[in-house]
Amino acid sequence: MTQATLDTGSATLRFRFDGPDAGPCVVLLSSLGATFEMWEPQVPRLAGFCRVLRLDHRGHGGSPAPAGPYTIDDLGQDVVAALDSLGVEHAAFCGISLGGMVAMWVAAHHPARTTSLVLACTAPQLGPAEAWYERATRARTTGTSALLDGLYERWFPAKVRAEHPELRAEVASMLGSTDPEGYASCCEAIATMDLAPDLPRIQAPALVIAGAEDPVTPPATELALAEALRAGLVVLPGAGHLASLAAPEELTEAAVNHLVGPPAARGAAARRAVLGDDHVAASTRAPGPAARALVDYLTRAEWAEAWSRPGLDRRTRSAVTLASLVALGRLEALELHVPGALRNGLSADEVAEIVLHCAVYAGMPAATSAIPVVLRALDQAAPG
């Protein structure tokens, strides 16, 4: 995990990385009035397959508010500048509401950098403009916390509010950390936005997600967006506008299915991220249908399931795997997993400490056999 701020030249943005340092990147973009904490339910699952980057919009959470007014172009250019600063050449984008609008702008203006899109509870236009200007005025005069009651009811249907009263405190915290000027200027960006002419320029495969009880962007709006993008559509029963918190498991699974693919594809992605492209390519050339069936089973059971569960991050799973392989004397697999452990964030010193720890609990012979294998693997994985 890495969390910090970066300067795009026109704004300072708070960002956070989760998941492996290598592998495909997915950028999560938040709703108006929300911070990137709104994605907490989705991050553990996505981080099993992807490098997850979250950004706070201008004036939201840990991102200060430069003077307005803003446009969707400004917010989209912030994201592109952030990718440049962080060295991310290509990414998938998953956005809710304002985040989805920004994601559409990036996909339309930078199609070569956009690998895939998940657009939830959003629209290319969202009038009437007068309502957004009125909300901007209210935010500037009374502060963002004064908007809580109305937003909370729009974001979550009555049944969700009754069953999950803790959501009110989450929304209050995010809204309270949003700068009134930043919120108001983002309202004005939505008021002037018209992304409809840009939609034909979007080339990335897209999935549109609707909340069945969303009064802001109802399913009919999302159906029209899906048709314009030739995209799939998923409607989440019982969800309102902030579907990532109202229907977290359903939205997460829909996003993973679109961004990563079915279990076989998910397993291959996780396996490739840990063990490397060469190993995966060699294993998929297994001769004969029986061998290929075994590889397919292991890919789904081992990598799409065990290695991709959200309960442990990959770094921890690598540590557990190394310890298990040392204890069991599985030296060939141990040599294969040492570079994967480095890719997952363990240092060479930490790998050595794991072997030493195994000497205490698995016995000195096991550690003694493992040491030359580990040293050889570390030497081969060292740069240069």
# chains A, B, ... in the order shown; residues from 1 in each chain; ligands from 1
$ residues_around --residues "stretch 200-213 of chain A" --least-positions-apart "6" --cutoff "7 Å" --atoms "only C-alpha atoms" --output "ChimeraX atom specification"
/A:107-108,111,114-121,157,219,222,226,231-241,243,258
$ residues_around --residues "A:Val27" --least-positions-apart "3" --cutoff "6 Å" --atoms "only C-alpha atoms" --output "short mmCIF file (atom, residue, chain, number, x, y, z; two decimals) with C-alpha atoms, in the first residue's frame"
data_model
loop_
_atom_site.label_atom_id
_atom_site.label_comp_id
_atom_site.auth_asym_id
_atom_site.auth_seq_id
_atom_site.Cartn_x
_atom_site.Cartn_y
_atom_site.Cartn_z
CA LEU A 53 -5.16 3.19 -7.81
CA ARG A 54 -7.61 5.50 -6.07
CA PHE A 93 -11.24 2.90 -15.11
#
$ select_by_dssp --residues "stretch 2-182 of chain A" --states "alpha helix (DSSP H)" --output "count of residues only"
73
$ residues_around --residues "A:Ser145" --least-positions-apart "6" --cutoff "7 Å" --atoms "only C-alpha atoms" --output "mmCIF file with C-alpha atoms, in the first residue's frame"
data_model
loop_
_atom_site.group_PDB
_atom_site.id
_atom_site.type_symbol
_atom_site.label_atom_id
_atom_site.label_comp_id
_atom_site.auth_asym_id
_atom_site.auth_seq_id
_atom_site.Cartn_x
_atom_site.Cartn_y
_atom_site.Cartn_z
ATOM 1 C CA ALA A 172 -21.140 12.358 6.811
ATOM 2 C CA LEU A 175 -18.990 14.877 2.847
ATOM 3 C CA GLY A 176 -17.528 16.733 5.808
#
$ atom_distance --atom1 "atom CA of A:Leu75" --atom2 "atom CA of A:Asp21"
25.6 Å
$ select_by_dssp --residues "stretch 30-224 of chain A" --states "strand (DSSP E)" --output "list in words"
Arg51, Val52, Leu53, Arg54, Leu55, Ala91, Ala92, Phe93, Cys94, Gly95, Ile96, Thr114, Thr115, Ser116, Leu117, Val118, Leu119, Ala120, Ala206, Leu207, Val208, Ile209, Ala210 and Gly211 of chain A
$ closest_residue --among "A:Ala136, A:Cys25, A:Leu13, A:Ala112" --to "A:Ala189" --atoms "only C-alpha atoms"
A:Ala136
